[in-house]
file target09.txt (compact mmCIF, C-alpha atoms)
# COMPACT_ATOMS: atom_id res chain seq x y z
CA MET A 1 6.48 0.80 12.27
CA ILE A 2 7.12 -2.90 12.75
CA LYS A 3 7.78 -3.87 16.34
CA LYS A 4 10.24 -6.66 15.85
CA LEU A 5 12.39 -7.92 13.05
CA LEU A 6 14.94 -10.70 13.07
CA ILE A 7 18.15 -10.06 11.13
CA ALA A 8 18.94 -13.41 9.56
CA THR A 9 22.70 -13.12 9.42
CA THR A 10 25.59 -13.93 11.73
CA ASN A 11 28.00 -11.72 9.81
CA ILE A 12 28.97 -8.93 12.20
CA ASN A 13 29.59 -6.38 9.45
CA LYS A 14 26.23 -7.00 7.84
CA LEU A 15 24.57 -6.76 11.25
CA LYS A 16 26.23 -3.41 11.87
CA GLU A 17 25.24 -2.05 8.48
CA ILE A 18 21.63 -3.23 8.81
CA ASN A 19 21.40 -1.78 12.31
CA ASN A 20 22.73 1.57 11.12
CA ILE A 21 20.14 1.88 8.40
CA LEU A 22 17.04 0.29 9.92
CA SER A 23 17.24 1.08 13.62
CA ASP A 24 15.07 4.21 13.39
CA THR A 25 12.38 2.44 11.37
CA VAL A 26 11.95 -0.78 13.35
CA ASN A 27 11.36 -0.79 17.10
CA SER A 28 13.53 -3.76 17.85
CA LEU A 29 16.13 -5.43 15.62
CA GLU A 30 16.78 -8.92 16.92
CA GLN A 31 19.82 -11.06 16.24
CA LEU A 32 19.91 -14.77 15.56
CA PRO A 33 20.69 -16.82 18.64
CA SER A 34 24.23 -18.19 18.59
CA ASP A 35 22.94 -21.74 18.18
CA ALA A 36 20.82 -20.87 15.13
CA PRO A 37 21.23 -23.62 12.53
CA ASP A 38 22.56 -22.85 9.07
CA VAL A 39 20.15 -22.88 6.17
CA VAL A 40 20.97 -24.58 2.87
CA GLU A 41 20.57 -21.99 0.12
CA ASP A 42 19.84 -24.21 -2.85
CA GLY A 43 17.70 -21.79 -4.88
CA ALA A 44 18.23 -20.92 -8.53
CA THR A 45 18.22 -17.14 -8.06
CA PHE A 46 19.28 -14.53 -5.52
CA LEU A 47 15.59 -14.07 -4.75
CA ASP A 48 15.03 -17.79 -4.15
CA ASN A 49 17.99 -18.00 -1.80
CA ALA A 50 17.05 -14.93 0.21
CA LYS A 51 13.45 -16.19 0.42
CA ILE A 52 14.52 -19.66 1.54
CA LYS A 53 16.68 -18.17 4.30
CA ALA A 54 14.12 -15.59 5.42
CA TYR A 55 11.29 -18.12 5.69
CA ALA A 56 13.49 -20.72 7.38
CA TYR A 57 14.21 -18.29 10.22
CA PHE A 58 10.69 -16.87 10.18
CA ASN A 59 9.39 -20.38 10.82
CA MET A 60 12.06 -21.15 13.43
CA TYR A 61 11.62 -18.01 15.51
CA GLY A 62 8.09 -16.86 14.67
CA MET A 63 8.86 -13.25 13.82
CA PRO A 64 9.44 -11.25 10.62
CA ALA A 65 12.90 -12.18 9.33
CA LEU A 66 15.18 -10.25 6.97
CA ALA A 67 17.68 -12.20 4.84
CA ASP A 68 19.95 -11.26 1.97
CA ASP A 69 21.74 -12.96 -0.87
CA SER A 70 24.48 -11.14 -2.70
CA GLY A 71 26.88 -11.76 -5.53
CA LEU A 72 28.79 -10.49 -8.53
CA CYS A 73 27.34 -10.78 -12.05
CA VAL A 74 29.68 -10.36 -15.02
CA GLU A 75 28.10 -9.52 -18.36
CA CYS A 76 30.53 -11.34 -20.67
CA LEU A 77 30.18 -14.47 -18.52
CA ASN A 78 26.39 -14.56 -18.77
CA ASP A 79 26.11 -13.11 -15.26
CA ALA A 80 28.42 -15.70 -13.67
CA PRO A 81 29.55 -16.19 -10.93
CA GLY A 82 26.10 -14.88 -9.79
CA ILE A 83 24.56 -16.95 -7.02
CA TYR A 84 27.73 -19.07 -7.00
CA SER A 85 29.94 -16.08 -6.16
CA ALA A 86 30.91 -17.41 -2.72
CA ARG A 87 31.55 -20.96 -3.97
CA TYR A 88 33.02 -20.27 -7.43
CA ALA A 89 36.32 -21.79 -6.24
CA GLU A 90 37.71 -22.96 -2.92
CA THR A 91 39.28 -19.80 -1.57
CA PRO A 92 38.77 -16.05 -2.16
CA LYS A 93 42.13 -15.90 -3.93
CA LYS A 94 41.26 -18.82 -6.21
CA ARG A 95 37.87 -17.32 -6.96
CA ILE A 96 39.44 -14.09 -8.22
CA GLU A 97 42.02 -16.03 -10.23
CA LYS A 98 39.29 -18.11 -11.84
CA LEU A 99 37.29 -15.00 -12.68
CA LEU A 100 40.24 -13.16 -14.25
CA LYS A 101 41.17 -16.28 -16.22
CA ALA A 102 37.61 -16.68 -17.52
CA MET A 103 37.66 -13.05 -18.71
CA GLU A 104 41.18 -12.87 -20.10
CA HIS A 105 39.95 -12.74 -23.70
CA VAL A 106 38.18 -9.44 -22.93
CA LYS A 107 40.99 -6.93 -23.33
CA ASP A 108 38.94 -3.73 -23.32
CA ILE A 109 38.16 -2.57 -19.76
CA GLU A 110 34.95 -0.96 -21.04
CA LYS A 111 33.69 -4.38 -22.07
CA ARG A 112 34.36 -5.94 -18.67
CA ARG A 113 30.98 -4.80 -17.33
CA ALA A 114 29.67 -6.26 -14.10
CA TYR A 115 27.45 -5.50 -11.15
CA PHE A 116 27.33 -6.41 -7.50
CA VAL A 117 23.83 -7.20 -6.36
CA THR A 118 22.11 -7.64 -3.01
CA ARG A 119 18.65 -9.12 -2.91
CA LEU A 120 16.83 -8.62 0.38
CA VAL A 121 13.76 -10.55 1.44
CA LEU A 122 11.73 -9.72 4.52
CA ALA A 123 9.41 -12.62 5.36
CA LEU A 124 6.71 -10.43 6.85
CA SER A 125 4.14 -13.13 7.57
CA LYS A 126 3.22 -16.62 6.42
CA ASP A 127 1.37 -15.00 3.51
CA HIS A 128 3.50 -12.06 2.36
CA TYR A 129 7.08 -11.06 1.84
CA ILE A 130 8.75 -7.82 0.82
CA THR A 131 11.70 -7.81 -1.52
CA VAL A 132 14.08 -5.21 -2.93
CA GLU A 133 17.30 -5.31 -4.87
CA GLY A 134 20.33 -3.05 -4.78
CA ARG A 135 22.93 -2.95 -7.52
CA VAL A 136 26.23 -1.21 -8.13
CA TYR A 137 27.55 -1.31 -11.68
CA GLY A 138 31.19 -1.16 -12.63
CA ASN A 139 34.03 -2.89 -14.48
CA ILE A 140 36.28 -5.81 -13.66
CA LEU A 141 39.97 -4.85 -13.41
CA PHE A 142 42.80 -6.92 -14.91
CA GLU A 143 44.49 -7.37 -11.55
CA GLU A 144 43.79 -6.96 -7.86
CA LEU A 145 43.96 -3.47 -6.37
CA GLY A 146 43.67 -2.71 -2.66
CA GLU A 147 43.66 -4.67 0.56
CA ASN A 148 40.30 -3.86 2.12
CA GLY A 149 36.92 -5.49 1.75
CA PHE A 150 36.47 -9.14 0.88
CA GLY A 151 35.46 -11.42 -1.97
CA TYR A 152 35.80 -9.83 -5.39
CA ASP A 153 36.29 -6.31 -4.03
CA PRO A 154 39.93 -6.00 -5.25
CA VAL A 155 38.93 -6.43 -8.92
CA PHE A 156 35.71 -4.37 -8.92
CA LEU A 157 35.92 -0.76 -10.08
CA PRO A 158 32.56 0.88 -9.33
CA ASP A 159 31.25 3.41 -11.88
CA GLY A 160 32.22 6.98 -11.00
CA PHE A 161 35.27 6.03 -8.93
CA ASN A 162 38.88 5.49 -9.83
CA ARG A 163 39.52 3.09 -6.97
CA SER A 164 38.43 -0.51 -6.52
CA TYR A 165 36.02 -1.51 -3.73
CA ALA A 166 39.08 -2.88 -1.91
CA GLU A 167 40.86 0.49 -2.07
CA MET A 168 37.99 2.12 -0.19
CA SER A 169 37.67 2.23 3.57
CA PHE A 170 34.96 0.13 5.21
CA GLU A 171 32.82 3.24 5.77
CA GLU A 172 33.39 4.59 2.29
CA LYS A 173 32.39 1.35 0.57
CA ASN A 174 29.35 0.97 2.86
CA GLU A 175 28.23 4.42 1.81
CA ILE A 176 27.89 3.45 -1.85
CA SER A 177 27.49 -0.33 -1.69
CA HIS A 178 24.86 -2.54 -3.29
CA ARG A 179 23.79 -3.64 0.19
CA LYS A 180 23.37 -0.04 1.37
CA ASN A 181 21.38 0.67 -1.75
CA ALA A 182 19.02 -2.29 -1.05
CA LEU A 183 18.73 -1.45 2.65
CA VAL A 184 17.75 2.14 1.91
CA LYS A 185 14.99 0.87 -0.38
CA MET A 186 13.83 -1.56 2.30
CA ARG A 187 13.77 1.25 4.84
CA GLY A 188 11.58 3.31 2.51
CA LEU A 189 9.08 0.45 2.34
CA LEU A 190 9.15 -0.26 6.07
CA GLU A 191 8.29 3.36 6.81
CA ASN A 192 4.84 2.60 5.43
CA ILE A 193 4.23 -0.85 6.92
CA PHE A 194 2.80 -1.30 10.40
CA ASP A 195 1.76 -3.98 12.85
CA SER A 196 -2.01 -3.96 12.99
CA ASP A 197 -2.12 -4.64 16.74
CA LEU A 198 -5.45 -6.36 16.28
CA MET B 1 2.83 -9.05 -7.01
CA ILE B 2 -0.26 -9.54 -4.87
CA LYS B 3 -2.83 -11.85 -6.41
CA LYS B 4 -6.03 -10.30 -5.14
CA LEU B 5 -7.01 -7.05 -3.57
CA LEU B 6 -10.46 -5.79 -2.64
CA ILE B 7 -11.17 -2.13 -3.36
CA ALA B 8 -13.24 -1.04 -0.40
CA THR B 9 -15.30 1.66 -2.09
CA THR B 10 -18.58 1.78 -3.97
CA ASN B 11 -17.77 5.16 -5.52
CA ILE B 12 -17.49 4.53 -9.26
CA ASN B 13 -15.01 7.36 -9.85
CA LYS B 14 -12.69 6.15 -7.10
CA LEU B 15 -12.95 2.61 -8.48
CA LYS B 16 -11.98 3.83 -11.94
CA GLU B 17 -9.05 5.84 -10.63
CA ILE B 18 -7.75 2.99 -8.47
CA ASN B 19 -8.09 0.54 -11.34
CA ASN B 20 -6.16 2.85 -13.66
CA ILE B 21 -3.24 3.13 -11.31
CA LEU B 22 -3.03 -0.32 -9.71
CA SER B 23 -4.17 -2.72 -12.42
CA ASP B 24 -0.65 -3.49 -13.64
CA THR B 25 0.65 -4.14 -10.13
CA VAL B 26 -2.07 -6.38 -8.70
CA ASN B 27 -3.29 -9.49 -10.53
CA SER B 28 -6.92 -9.06 -9.71
CA LEU B 29 -8.68 -5.98 -8.34
CA GLU B 30 -11.99 -7.07 -6.81
CA GLN B 31 -14.99 -4.86 -6.14
CA LEU B 32 -17.25 -4.91 -3.13
CA PRO B 33 -20.41 -6.96 -3.67
CA SER B 34 -23.48 -4.77 -4.16
CA ASP B 35 -24.90 -5.90 -0.82
CA ALA B 36 -21.74 -4.99 1.14
CA PRO B 37 -22.75 -3.28 4.39
CA ASP B 38 -21.60 0.24 5.17
CA VAL B 39 -18.92 0.69 7.80
CA VAL B 40 -19.20 3.36 10.50
CA GLU B 41 -16.05 5.50 10.32
CA ASP B 42 -15.85 6.80 13.87
CA GLY B 43 -12.09 7.21 14.13
CA ALA B 44 -10.29 10.34 15.30
CA THR B 45 -7.94 10.61 12.30
CA PHE B 46 -7.90 9.91 8.58
CA LEU B 47 -5.66 6.94 9.35
CA ASP B 48 -8.07 5.53 11.95
CA ASN B 49 -10.99 5.79 9.57
CA ALA B 50 -9.20 4.21 6.63
CA LYS B 51 -7.94 1.43 8.92
CA ILE B 52 -11.41 0.78 10.37
CA LYS B 53 -12.87 0.49 6.89
CA ALA B 54 -10.03 -1.62 5.46
CA TYR B 55 -10.12 -4.13 8.31
CA ALA B 56 -13.92 -4.30 8.34
CA TYR B 57 -13.91 -5.47 4.71
CA PHE B 58 -10.79 -7.59 5.19
CA ASN B 59 -12.63 -9.48 7.90
CA MET B 60 -15.86 -9.70 5.91
CA TYR B 61 -14.35 -11.00 2.68
CA GLY B 62 -11.06 -12.55 3.76
CA MET B 63 -8.75 -10.83 1.33
CA PRO B 64 -6.42 -7.81 1.40
CA ALA B 65 -8.62 -4.71 1.35
CA LEU B 66 -7.73 -1.15 0.31
CA ALA B 67 -9.68 1.74 1.85
CA ASP B 68 -9.26 5.49 1.82
CA ASP B 69 -10.30 8.46 3.85
CA SER B 70 -9.99 11.93 2.41
CA GLY B 71 -10.69 15.49 3.41
CA LEU B 72 -9.73 19.15 3.36
CA CYS B 73 -7.58 20.66 6.12
CA VAL B 74 -7.48 24.45 6.50
CA GLU B 75 -4.55 25.92 8.38
CA CYS B 76 -6.29 28.94 9.95
CA LEU B 77 -9.08 26.63 11.18
CA ASN B 78 -6.71 24.24 12.95
CA ASP B 79 -7.04 21.76 10.10
CA ALA B 80 -10.86 21.75 10.11
CA PRO B 81 -13.00 20.45 8.50
CA GLY B 82 -10.52 17.52 8.34
CA ILE B 83 -12.13 14.15 8.96
CA TYR B 84 -15.48 15.93 9.18
CA SER B 85 -15.18 17.31 5.62
CA ALA B 86 -18.11 15.28 4.29
CA ARG B 87 -20.37 16.03 7.29
CA TYR B 88 -19.33 19.63 8.09
CA ALA B 89 -22.85 20.74 7.19
CA GLU B 90 -25.90 19.10 5.62
CA THR B 91 -25.31 19.71 1.91
CA PRO B 92 -22.23 20.38 -0.24
CA LYS B 93 -23.45 23.95 -0.78
CA LYS B 94 -23.91 24.55 2.96
CA ARG B 95 -20.52 23.04 3.70
CA ILE B 96 -18.79 25.52 1.39
CA GLU B 97 -20.81 28.41 2.85
CA LYS B 98 -19.88 27.38 6.36
CA LEU B 99 -16.21 27.13 5.40
CA LEU B 100 -16.12 30.56 3.71
CA LYS B 101 -17.95 32.09 6.68
CA ALA B 102 -15.50 30.56 9.16
CA MET B 103 -12.60 32.05 7.16
CA GLU B 104 -14.05 35.45 6.33
CA HIS B 105 -11.69 37.24 8.72
CA VAL B 106 -8.72 36.03 6.67
CA LYS B 107 -8.59 38.61 3.89
CA ASP B 108 -5.20 37.74 2.43
CA ILE B 109 -5.44 34.84 -0.05
CA GLU B 110 -1.86 33.84 0.82
CA LYS B 111 -2.95 33.19 4.40
CA ARG B 112 -5.84 30.95 3.36
CA ARG B 113 -3.58 27.90 3.19
CA ALA B 114 -5.11 24.43 3.00
CA TYR B 115 -4.48 20.92 1.74
CA PHE B 116 -6.54 18.08 0.44
CA VAL B 117 -5.40 14.77 1.84
CA THR B 118 -6.06 11.13 1.03
CA ARG B 119 -4.97 8.48 3.50
CA LEU B 120 -4.89 4.97 2.07
CA VAL B 121 -4.76 1.82 4.17
CA LEU B 122 -4.24 -1.62 2.70
CA ALA B 123 -5.14 -4.26 5.29
CA LEU B 124 -2.62 -6.80 4.02
CA SER B 125 -3.17 -9.49 6.65
CA LYS B 126 -4.47 -9.85 10.17
CA ASP B 127 -1.05 -8.72 11.38
CA HIS B 128 0.11 -5.98 9.01
CA TYR B 129 -1.18 -3.04 7.09
CA ILE B 130 0.40 -0.65 4.62
CA THR B 131 -0.43 3.02 4.66
CA VAL B 132 0.46 6.05 2.58
CA GLU B 133 -0.77 9.61 2.37
CA GLY B 134 -1.15 11.95 -0.58
CA ARG B 135 -1.52 15.71 -0.20
CA VAL B 136 -2.11 18.63 -2.50
CA TYR B 137 -1.49 22.06 -1.03
CA GLY B 138 -3.25 25.22 -2.12
CA ASN B 139 -5.35 28.19 -1.02
CA ILE B 140 -9.04 28.64 -0.29
CA LEU B 141 -10.74 31.10 -2.63
CA PHE B 142 -13.23 33.77 -1.49
CA GLU B 143 -15.98 32.42 -3.72
CA GLU B 144 -16.82 29.35 -5.76
CA LEU B 145 -15.23 28.97 -9.20
CA GLY B 146 -16.08 26.20 -11.66
CA GLU B 147 -18.79 23.56 -12.01
CA ASN B 148 -16.83 20.29 -12.06
CA GLY B 149 -15.71 18.00 -9.28
CA PHE B 150 -17.48 17.78 -5.98
CA GLY B 151 -17.20 18.76 -2.32
CA TYR B 152 -14.89 21.72 -1.74
CA ASP B 153 -13.42 21.63 -5.26
CA PRO B 154 -14.93 25.02 -6.30
CA VAL B 155 -13.06 26.92 -3.55
CA PHE B 156 -9.71 25.09 -3.71
CA LEU B 157 -6.93 26.65 -5.77
CA PRO B 158 -4.08 24.10 -5.98
CA ASP B 159 -0.53 25.47 -5.87
CA GLY B 160 0.92 26.06 -9.33
CA PHE B 161 -2.46 26.48 -11.04
CA ASN B 162 -4.65 29.48 -11.64
CA ARG B 163 -7.86 27.44 -11.75
CA SER B 164 -9.80 25.80 -8.95
CA TYR B 165 -10.16 22.00 -8.77
CA ALA B 166 -13.73 22.55 -10.06
CA GLU B 167 -12.48 24.41 -13.12
CA MET B 168 -10.43 21.38 -14.16
CA SER B 169 -11.75 18.46 -16.20
CA PHE B 170 -12.19 15.12 -14.45
CA GLU B 171 -9.02 13.79 -16.12
CA GLU B 172 -7.00 16.90 -15.41
CA LYS B 173 -7.84 16.92 -11.71
CA ASN B 174 -7.20 13.17 -11.43
CA GLU B 175 -3.76 13.73 -12.88
CA ILE B 176 -2.67 16.00 -10.02
CA SER B 177 -5.03 14.98 -7.22
CA HIS B 178 -4.23 14.02 -3.65
CA ARG B 179 -5.76 10.58 -4.32
CA LYS B 180 -3.57 10.06 -7.39
CA ASN B 181 -0.56 11.07 -5.36
CA ALA B 182 -1.39 8.50 -2.63
CA LEU B 183 -2.20 5.77 -5.15
CA VAL B 184 1.12 6.24 -6.93
CA LYS B 185 2.92 5.83 -3.61
CA MET B 186 0.87 2.72 -2.84
CA ARG B 187 1.74 1.31 -6.26
CA GLY B 188 5.44 1.85 -5.55
CA LEU B 189 5.12 -0.17 -2.34
CA LEU B 190 3.04 -2.94 -3.92
CA GLU B 191 5.69 -3.46 -6.59
CA ASN B 192 7.88 -4.91 -3.83
CA ILE B 193 5.31 -6.95 -1.91
CA PHE B 194 4.44 -10.49 -2.91
CA ASP B 195 2.25 -13.38 -1.88
CA SER B 196 4.51 -16.02 -0.41
CA ASP B 197 2.54 -18.91 -1.94
CA LEU B 198 3.61 -21.09 0.95
call {"tool": "encode", "arguments": {"input": "target09.txt", "output": "structure tokens"}}
result
Amino acid sequence: MIKKLLIATTNINKLKEINNILSDTVNSLEQLPSDAPDVVEDGATFLDNAKIKAYAYFNMYGMPALADDSGLCVECLNDAPGIYSARYAETPKKRIEKLLKAMEHVKDIEKRRAYFVTRLVLALSKDHYITVEGRVYGNILFEELGENGFGYDPVFLPDGFNRSYAEMSFEEKNEISHRKNALVKMRGLLENIFDSDL
Amino acid sequence: MIKKLLIATTNINKLKEINNILSDTVNSLEQLPSDAPDVVEDGATFLDNAKIKAYAYFNMYGMPALADDSGLCVECLNDAPGIYSARYAETPKKRIEKLLKAMEHVKDIEKRRAYFVTRLVLALSKDHYITVEGRVYGNILFEELGENGFGYDPVFLPDGFNRSYAEMSFEEKNEISHRKNALVKMRGLLENIFDSDL
């Protein structure tokens, strides 16, 4: 059991989800102070970005820090938008439009393969970090379906469901999401990692 | 991937087994120097003992150190011999005799439940350690069977087999052993732990 862990996000939904999954495994889950500075995520991979963020806050606040980077990777676009998912165009609406436009030559839904990914990095100490990845595979729809969620949720049809991420309730999506998937793996690791108290 | 890890044992069979299982996951598995001092394992649990040993060598040689403590726990003896398995009596033969004597009132093989356990501790840094446990459950026989293995192997009948540990070949026992079981768990954790290279 690790005594303290800083959750390096100010997103209230992420905080809630992380708390739900990790609160039994970590003594104390700390939040970023409200004046915490932003961190520039200029890495080349999800792992780089999560690592940059985790170590930035680890160094600022001197305790193990957990950060994530997430995105959507589309097979026929060479895994774009990938790490640029949140800045692929100016607004969420424009981002979806740009994505559907880029894929319009792919008429067969089966060939519109994609996955959402969350990469988590826990900067455990100056010397070591723990990392896990969660993925959910699916297909990109031809038009938006549903009003819930955010980002690319309205055009993502997860495997095994006949509703888009945006047609699911908050709780329902959280139950199967890429982030959940990564957090459950992280919890499994944390169950075996302890403060030495030396 | 962790660059270097010290295997805190001088037992050649343990070394071989650990190498087999971890060599793909750790860049360099180091052995103790031949003049490495012994460590007094005076803890009250398998975990204490493995931790004492791991941190002793971590401090001596300044790199992550993996140590184990193993033993046999017998249900009707309140988990004895437990951490005293290797010093329950003077010689291996006397230890088995003492065990069988202590259990002679338990005539039903089904009630002679026991497990072999290996507790592994990897002293990762001054601040954190990783620990996992492997167990194999079985029953204690009424007399010794087989010539292989060591310790209590001749009287331990692992669940799902009709031969004692000592009736199995070295390779066969290693394939199902409590140590194997723990090492495979440790490997799973190490796959997600990396040197930060900061």
call {"tool": "interface_residues", "arguments": {"input": "target09.txt", "of": "chain B", "to": "chain A", "cutoff": "7 Å", "atoms": "only C-alpha atoms", "output": "number ranges by chain"}}
result
B: 126-132, 189, 192-198
call {"tool": "write_last_selection", "arguments": {"input": "target09.txt", "atoms": "C-alpha atoms", "output": "mmCIF file, in the coordinates of the input"}}
result
data_model
loop_
_atom_site.group_PDB
_atom_site.id
_atom_site.type_symbol
_atom_site.label_atom_id
_atom_site.label_comp_id
_atom_site.auth_asym_id
_atom_site.auth_seq_id
_atom_site.Cartn_x
_atom_site.Cartn_y
_atom_site.Cartn_z
ATOM 1 C CA LYS B 126 -4.470 -9.850 10.170
ATOM 2 C CA ASP B 127 -1.050 -8.720 11.380
ATOM 3 C CA HIS B 128 0.110 -5.980 9.010
ATOM 4 C CA TYR B 129 -1.180 -3.040 7.090
ATOM 5 C CA ILE B 130 0.400 -0.650 4.620
ATOM 6 C CA THR B 131 -0.430 3.020 4.660
ATOM 7 C CA VAL B 132 0.460 6.050 2.580
ATOM 8 C CA LEU B 189 5.120 -0.170 -2.340
ATOM 9 C CA ASN B 192 7.880 -4.910 -3.830
ATOM 10 C CA ILE B 193 5.310 -6.950 -1.910
ATOM 11 C CA PHE B 194 4.440 -10.490 -2.910
ATOM 12 C CA ASP B 195 2.250 -13.380 -1.880
ATOM 13 C CA SER B 196 4.510 -16.020 -0.410
ATOM 14 C CA ASP B 197 2.540 -18.910 -1.940
ATOM 15 C CA LEU B 198 3.610 -21.090 0.950
#
call {"tool": "axis_aligned_box", "arguments": {"input": "target09.txt", "around": "stretch 94-110 of chain A", "padding_each_side": "3 Å", "output": "AutoDock Vina command-line options"}}
result
--center_x 38.5 --center_y -9.9 --center_z -15.0 --size_x 13.1 --size_y 23.9 --size_z 23.5
call {"tool": "residues_around", "arguments": {"input": "target09.txt", "residues": "stretch 98-109 of chain B", "least_positions_apart": "4", "cutoff": "10 Å", "atoms": "all atoms listed in the file", "output": "NGL selection string"}}
result
:B and (74 or 76-77 or 80-81 or 85 or 88-89 or 92-94 or 113 or 139-144 or 152 or 155)
call {"tool": "residues_near_point", "arguments": {"input": "target09.txt", "point": "(2.7, 7.2, -9.1)", "cutoff": "12 Å", "atoms": "all atoms listed in the file", "output": "PDB file with C-alpha atoms, in the coordinates of the input"}}
result
ATOM      1  CA  GLU B  17      -9.050   5.840 -10.630  1.00  0.00           C
ATOM      2  CA  ILE B  18      -7.750   2.990  -8.470  1.00  0.00           C
ATOM      3  CA  ASN B  20      -6.160   2.850 -13.660  1.00  0.00           C
ATOM      4  CA  ILE B  21      -3.240   3.130 -11.310  1.00  0.00           C
ATOM      5  CA  LEU B  22      -3.030  -0.320  -9.710  1.00  0.00           C
ATOM      6  CA  THR B  25       0.650  -4.140 -10.130  1.00  0.00           C
ATOM      7  CA  VAL B 132       0.460   6.050   2.580  1.00  0.00           C
ATOM      8  CA  GLY B 134      -1.150  11.950  -0.580  1.00  0.00           C
ATOM      9  CA  ASN B 174      -7.200  13.170 -11.430  1.00  0.00           C
ATOM     10  CA  GLU B 175      -3.760  13.730 -12.880  1.00  0.00           C
ATOM     11  CA  ILE B 176      -2.670  16.000 -10.020  1.00  0.00           C
ATOM     12  CA  SER B 177      -5.030  14.980  -7.220  1.00  0.00           C
ATOM     13  CA  HIS B 178      -4.230  14.020  -3.650  1.00  0.00           C
ATOM     14  CA  ARG B 179      -5.760  10.580  -4.320  1.00  0.00           C
ATOM     15  CA  LYS B 180      -3.570  10.060  -7.390  1.00  0.00           C
ATOM     16  CA  ASN B 181      -0.560  11.070  -5.360  1.00  0.00           C
ATOM     17  CA  ALA B 182      -1.390   8.500  -2.630  1.00  0.00           C
ATOM     18  CA  LEU B 183      -2.200   5.770  -5.150  1.00  0.00           C
ATOM     19  CA  VAL B 184       1.120   6.240  -6.930  1.00  0.00           C
ATOM     20  CA  LYS B 185       2.920   5.830  -3.610  1.00  0.00           C
ATOM     21  CA  MET B 186       0.870   2.720  -2.840  1.00  0.00           C
ATOM     22  CA  ARG B 187       1.740   1.310  -6.260  1.00  0.00           C
ATOM     23  CA  GLY B 188       5.440   1.850  -5.550  1.00  0.00           C
ATOM     24  CA  LEU B 189       5.120  -0.170  -2.340  1.00  0.00           C
ATOM     25  CA  LEU B 190       3.040  -2.940  -3.920  1.00  0.00           C
ATOM     26  CA  GLU B 191       5.690  -3.460  -6.590  1.00  0.00           C
TER      27      GLU B 191
END
call {"tool": "residues_around", "arguments": {"input": "target09.txt", "residues": "B:Ser169", "least_positions_apart": "3", "cutoff": "10 Å", "atoms": "only C-alpha atoms", "output": "list in words"}}
result
Gly146, Glu147, Asn148, Gly149, Tyr165, Ala166, Glu172, Lys173, Asn174 and Glu175 of chain B
call {"tool": "atom_distance", "arguments": {"input": "target09.txt", "atom1": "atom CA of A:Cys73", "atom2": "atom CA of A:Arg87"}}
result
13.7 Å
call {"tool": "atom_distance", "arguments": {"input": "target09.txt", "atom1": "atom CA of A:Phe170", "atom2": "atom CA of A:Asp68"}}
result
19.1 Å
call {"tool": "residues_around", "arguments": {"input": "target09.txt", "residues": "A:Ala36", "least_positions_apart": "4", "cutoff": "10 Å", "atoms": "only C-alpha atoms", "output": "list in words"}}
result
Ala8, Thr9, Thr10, Gln31, Leu32, Tyr57, Met60 and Tyr61 of chain A
call {"tool": "write_last_selection", "arguments": {"input": "target09.txt", "atoms": "C-alpha atoms", "output": "short mmCIF file (atom, residue, chain, number, x, y, z; two decimals), keeping the file's coordinate frame"}}
result
data_model
loop_
_atom_site.label_atom_id
_atom_site.label_comp_id
_atom_site.auth_asym_id
_atom_site.auth_seq_id
_atom_site.Cartn_x
_atom_site.Cartn_y
_atom_site.Cartn_z
CA ALA A 8 18.94 -13.41 9.56
CA THR A 9 22.70 -13.12 9.42
CA THR A 10 25.59 -13.93 11.73
CA GLN A 31 19.82 -11.06 16.24
CA LEU A 32 19.91 -14.77 15.56
CA TYR A 57 14.21 -18.29 10.22
CA MET A 60 12.06 -21.15 13.43
CA TYR A 61 11.62 -18.01 15.51
#
call {"tool": "atom_distance", "arguments": {"input": "target09.txt", "atom1": "atom CA of A:Tyr137", "atom2": "atom CA of A:Ala114"}}
result
5.9 Å
